[in-house]
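Chemist: One structure, pasted below without further comment.
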Amino acid sequence: MSPILKTEKLRVEFSSREFHQATKVALHGLDLEVNAGEIFGFLGPNGAGKTTTMNVLLGFVQPTGGTAYLFGIDVRQPVARQRIGYLPEMTYYYKFLTAEELLRFYAKIFGLPRAEADKRIDTLLKLVELESASKRPIKSYSKGMQQRVGLAQALINNPDLLILDEPTSGLDPLGRMKVREIIQRLKNEGKTVFFSSHELGEVETICDRVAIIHQGELKTVGSVTEIMGQHPNLEKAFLNIIGYQPQTAP
Amino acid sequence: MKNIFAVAGIVIKELYRRKDFYVLFIVTILICVVMASVNIFDDKQIIRYLKELSLLLIWISSLVIAITTTARQIPAEKENRTLLPLLAKPLSRTELILGKFFGCWFACGLALICFYVFFGALAASREHHWPLLNYFQAAFLHWIMLGVVVAIALLGSLVFAAPSSNSTICFVVVAGILFVGKYLDRVALSLSEPGRSIAYSIYYAIPHLEFFDMRNLIIHDWPLISWNYFGLDVLYALAYTAFFLIAACLVFRRKTVN
């Protein structure tokens with residue numbers, strides 16, 4: 001089976017704006033493969049390079065070296081993003097639009113015919129439970145509702161691959177549960193989900209495979225069971241892999 | 001093209017859902033109506049002054065709309081992080097720039113239609129005639145000139161981080177070109193080298209926005225300008241617009257957007 005998301009020796013450097021500061025290397029030759037139909041958790045502490053990797057995959061950042069492919073197409077080509085959905089970490093959308101207008105706008109960009117777009121918008125508004133608020137401007141939505149609009153826009157093109165950057169960050173337990181249910185439903189439909197998260201319990205529950213990245217380097221990749229190994233849970237395994245030493249009280 | 005027009009549609013929707021245009025339009029109407037209702041010194045030619053002042057207000061308002069609307073487009077997308085889900089779609093950066101350009105330019109066109117229809121009605125109520133072709137030439141060239149201004153502001157919004165600094169710089173540049181640009185060749189004659197060469201270079205490099213100022217056609221009911229010159233004027237503006245848009249696309253092409 002050929003991977004639908006692939007990076008080869010991906011390297012990203014950010015040159016400092018300060019004269020005396022050195023270039024910061026965000027990714028050191030990252031090799032990653034995600035197969036069709038799996039839920040792939042991308043883990044790492046803050047500043048590890050998770051968002052940078054996603055930014056390269058989405059064409060926001062140009063890699064300094066190496067290549068990245070989505071469905072075998074170089075990510076620098078806009079057409080590589082035709083079959084993906086993306087939910088950013090913090091969701092912000094045009095506040096002067098209603099949820100329905102926003103989804104219609106994105107449907108146009110994906111080139112969906114009008115009838116198909118109407119059908120898809122109705123289905124998605126039902127899925128994220130926003131039918132009753134669909135005619136209200138987004139500026140009047142709560143954070144949880146905005147996150148659900150984000151999920152709906154990520155699904156507007158019925159994508160084969162979903163890239164979610166900390167999809168449950170800042171949500172209450174109910175909101176988190178709903179997002180998890182949606183991800184699980186997408187997996188049942190045969191979609192591939194690539195997501196980053198700090199909620200390791202959640203990752204343990206829903207992911208098929210996990211990669212752990214630290215300081216721009218891939219530390220390990222494998223199934224949740226493989227990575228947990230002898231550890232009682234994923235959190236302990238994660239801390240061990242990134243080399244965290246618990247400090248004892250003096 | 002569908003992507004470009006989808007983005008342009010959002011820009012136009014934003015303009016009519018914000019209050020900027022309505023405020024400017026109402027203020028312009030109020031000032032013009034008040035001016036039209038008085039007859040200072042019982043001057044029979046007072047309508048010319050009224051037309052002159054009204055058109056000046058329309059020019060200022062249209063420049064304010066063009067520059068402020070355009071200057072905030074890309075920075076607001078970055079600041080509100082709406083740029084990320086947008087560029088994660090199969091939309092190229094060139095399409096985004098062109099969509100923003102056409103959105104702002106068409107929005108300026110809609111605003112100009114409102115302004116000129118109101119102005120025409122006001123002038124016709126006093127003069128009892130409406131030279132439509134004069135109005136067409138003046139309004140169309142005005143709109144074409146705004147295309148150059150929108151392209152300059154769009155390029156500025158990619159170069160300068162803050163929309164406020166970009167707006168200020170654009171206002172200064174546009175006002176400078178309109179008021180001083182046409183005299184630069186005469187200034188150059190009075191200078192010694194290398195000042196003379198620099199002044200001449202600037203004179204030939206800048207887009208001469210004063211070529212599009214056809215207010216006198218309406219104010220003094222002058223005869224129409226030749227359609228050949230009209231066409232050349234349009235081509236001149238399109239060349240500068242294309243130049244600034246290509247520069248904007250090149251600047252934005254490799255910019256990190258996160």
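Naming scheme: A, B, ... for chains in displayed order of the structure tokens; residues 1 onward per chain; ligands 1 onward as shown.
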Using only C-alpha atoms, what does the table of chain B residues within 10 Å of chain A look like, with each row giving the shortest atom pair and its distance in Å to one decimal, sorted by chain and ascending number, as a tab-separated table?
Modeler:
residue	atom	partner	partner_atom	distance
B:Lys2	CA	A:Ile109	CA	7.3
B:Asn3	CA	A:Ile109	CA	5.3
B:Ile4	CA	A:Ile109	CA	8.8
B:Phe5	CA	A:Lys108	CA	9.5
B:Ala6	CA	A:Phe105	CA	6.5
B:Val7	CA	A:Phe105	CA	8.0
B:Gly9	CA	A:Phe105	CA	8.8
B:Ile10	CA	A:Phe105	CA	7.9
B:Lys13	CA	A:Phe96	CA	8.4
B:Glu14	CA	A:Phe96	CA	6.7
B:Leu15	CA	A:Phe96	CA	10.0
B:Arg17	CA	A:Phe96	CA	7.0
B:Arg18	CA	A:Phe96	CA	8.4
B:Glu77	CA	A:Tyr94	CA	8.8
B:Glu79	CA	A:Tyr92	CA	9.8
B:Asn80	CA	A:Tyr92	CA	6.2
B:Arg81	CA	A:Tyr92	CA	5.9
B:Thr82	CA	A:Tyr93	CA	5.3
B:Leu83	CA	A:Tyr93	CA	8.9
B:Leu84	CA	A:Pro88	CA	7.2
B:Pro85	CA	A:Tyr86	CA	6.6
B:Leu86	CA	A:Tyr106	CA	7.9
B:Leu87	CA	A:Phe60	CA	7.4
B:Ala88	CA	A:Leu58	CA	5.4
B:Lys89	CA	A:Arg81	CA	5.7
B:Pro90	CA	A:Pro78	CA	4.7
B:Leu91	CA	A:Pro78	CA	6.0
B:Ser92	CA	A:Pro78	CA	5.7
B:Arg93	CA	A:Pro78	CA	8.9
B:Arg254	CA	A:Gln62	CA	7.1
B:Lys255	CA	A:Val61	CA	7.7
B:Thr256	CA	A:Val61	CA	5.1
B:Val257	CA	A:Phe60	CA	5.4
B:Asn258	CA	A:Phe60	CA	6.3
Chemist: From a backbone DSSP assignment, name each residue in stretch 120-223 of chain B labelled alpha helix (DSSP H), as JSON, numbers by chain.
Modeler: {"B": [120, 121, 122, 123, 124, 125, 126, 127, 132, 133, 134, 135, 136, 137, 138, 139, 140, 141, 142, 143, 144, 145, 146, 147, 148, 149, 150, 151, 152, 153, 154, 155, 156, 157, 158, 159, 163, 164, 165, 166, 167, 168, 169, 170, 171, 172, 173, 174, 175, 176, 177, 178, 179, 184, 185, 186, 187, 188, 189, 195, 196, 197, 198, 199, 200, 201, 202, 203, 204, 205, 215, 216, 217, 218, 219]}
Chemist: For A:Thr67, which residue among A:Arg185, A:Arg11, A:Ala26, A:Ala117 is the nearest when counting only C-alpha atoms?
Modeler: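 So, comparing all the options, the nearest one is A:Arg11.
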Chemist: When DSSP is applied to the backbone of this structure, which of stretch 52-231 of chain A are assigned strand (DSSP E or B)? Write them out as an NGL selection string.
Modeler: :A and (65-70 or 73-74 or 84-87 or 98 or 137 or 161-165 or 192-196 or 209-214 or 217-223)
Chemist: So that I can check the surroundings of B:His208, please list as a list in words every protein, DNA and RNA residue that reaches within 9 Å of it, counting only C-alpha atoms and ignoring chain neighbours fewer than 6 positions away.
Modeler: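 My list of contacting residues is Ile177, Leu178, Gly181, Lys182 and Ala237 of chain B.
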Chemist: Next, write the just-selected residues to a file, as a CSV table (one decimal), in the first residue's frame, keeping C-alpha atoms as the atom set.
Modeler:
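The resulting file, out.csv, is shown below:
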chain,number,residue,atom,x,y,z
B,177,ILE,CA,1.6,61.7,-7.5
B,178,LEU,CA,-1.7,63.6,-7.9
B,181,GLY,CA,3.8,64.2,-10.1
B,182,LYS,CA,2.9,66.4,-13.1
B,237,ALA,CA,-3.4,52.2,-16.2
Chemist: Tell me, as a PyMOL selection string, which residues lie within 8 Å of B:Leu122, counting only C-alpha atoms; anything in the same chain fewer than 3 positions away does not count.
Modeler: chain B and resi 33+36+118-119+125-126
Chemist: Okay, now the selection with C-alpha atoms, as a short mmCIF file (atom, residue, chain, number, x, y, z; two decimals), in the first residue's frame?
Modeler:
data_model
loop_
_atom_site.label_atom_id
_atom_site.label_comp_id
_atom_site.auth_asym_id
_atom_site.auth_seq_id
_atom_site.Cartn_x
_atom_site.Cartn_y
_atom_site.Cartn_z
CA VAL B 33 -26.91 68.56 -0.18
CA ALA B 36 -26.55 72.66 -2.98
CA PHE B 118 -26.08 60.77 -6.53
CA PHE B 119 -23.83 63.48 -7.95
CA SER B 125 -31.62 69.00 -10.38
CA ARG B 126 -29.87 72.37 -10.72
#
Chemist: Would you list the contacts of stretch 118-123 of chain A as a PyMOL selection string, taking every protein, DNA or RNA residue within 9 Å and counting only C-alpha atoms, but skipping same-chain residues closer than 4 positions in sequence?
Modeler: chain A and resi 100+103-104+107+113-114+127-128+131+152+156-158
Chemist: How would the residues just picked look written out with C-alpha atoms as a compact mmCIF listing (two decimals), in the first residue's frame?
Modeler:
# COMPACT_ATOMS: atom_id res chain seq x y z
CA GLU A 100 -23.67 28.44 5.73
CA LEU A 103 -19.16 26.61 3.85
CA ARG A 104 -20.55 27.77 0.50
CA ALA A 107 -17.28 24.67 -1.53
CA PRO A 113 -21.41 22.04 -8.17
CA ARG A 114 -24.21 24.06 -6.54
CA LEU A 127 -23.09 16.43 11.67
CA VAL A 128 -21.63 19.28 13.74
CA GLU A 131 -28.34 23.61 11.76
CA ALA A 152 -17.40 21.33 9.00
CA ILE A 156 -16.68 20.30 2.92
CA ASN A 157 -14.89 18.50 0.08
CA ASN A 158 -15.46 15.04 1.60
Chemist: Of the candidates B:Ser226, B:Val11, B:Ser201, B:Ala162, which one gets nearest to B:Gly99 if we count only C-alpha atoms?
Modeler: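 Checking each candidate against B:Gly99, we get B:Val11 as the closest.
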Chemist: Residues at most 7 Å from stretch 106-112 of chain B, counting only C-alpha atoms, excluding those fewer than 3 positions away in the same chain, as a list in words?
Modeler: Ile12, Ser62, Ile65, Ala66, Phe102, Gly103, Phe115, Tyr116 and Trp143 of chain B
Chemist: Can those selected residues be exported to a file as a compact mmCIF listing (two decimals), in the first residue's frame so that it contains C-alpha atoms?
Modeler:
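The result, stored in selection35.txt:
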# COMPACT_ATOMS: atom_id res chain seq x y z
CA ILE B 12 -17.33 42.69 -1.64
CA SER B 62 -13.13 56.85 -3.26
CA ILE B 65 -12.35 53.40 0.38
CA ALA B 66 -9.81 51.99 -2.10
CA PHE B 102 -10.67 42.21 -8.13
CA GLY B 103 -12.78 42.23 -4.95
CA PHE B 115 -21.43 58.40 -5.73
CA TYR B 116 -21.76 59.37 -9.40
CA TRP B 143 -12.43 53.62 -11.65
Chemist: Neighbouring residues of B:Tyr236 were defined as those with any atom within 12 Å, considering only C-alpha atoms; residues of the same chain fewer than 3 positions away were excluded. Please report them as a list in words.
Modeler: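 Contacts, with the query itself left out: Leu141, Ile144, Met145, Gly147, Val148, Ile206, Pro207, His208, Leu209, Phe211, Phe212, Tyr229, Phe230, Gly231, Leu232, Asp233, Ala239, Tyr240, Thr241, Ala242 and Phe243 of chain B.
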Chemist: From the options A:Lys219, A:His198, A:Arg180, A:Arg148, which residue's atoms come nearest to A:Asp31, counting only C-alpha atoms?
Modeler: A:Lys219
Chemist: Kindly indicate which residue among A:Thr98, A:Gln245, A:Gly222, A:Glu116 lies nearest to A:Leu130, using only C-alpha atoms for the distances.
Modeler: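 Counting only C-alpha atoms, the residue closest to A:Leu130 is A:Thr98.
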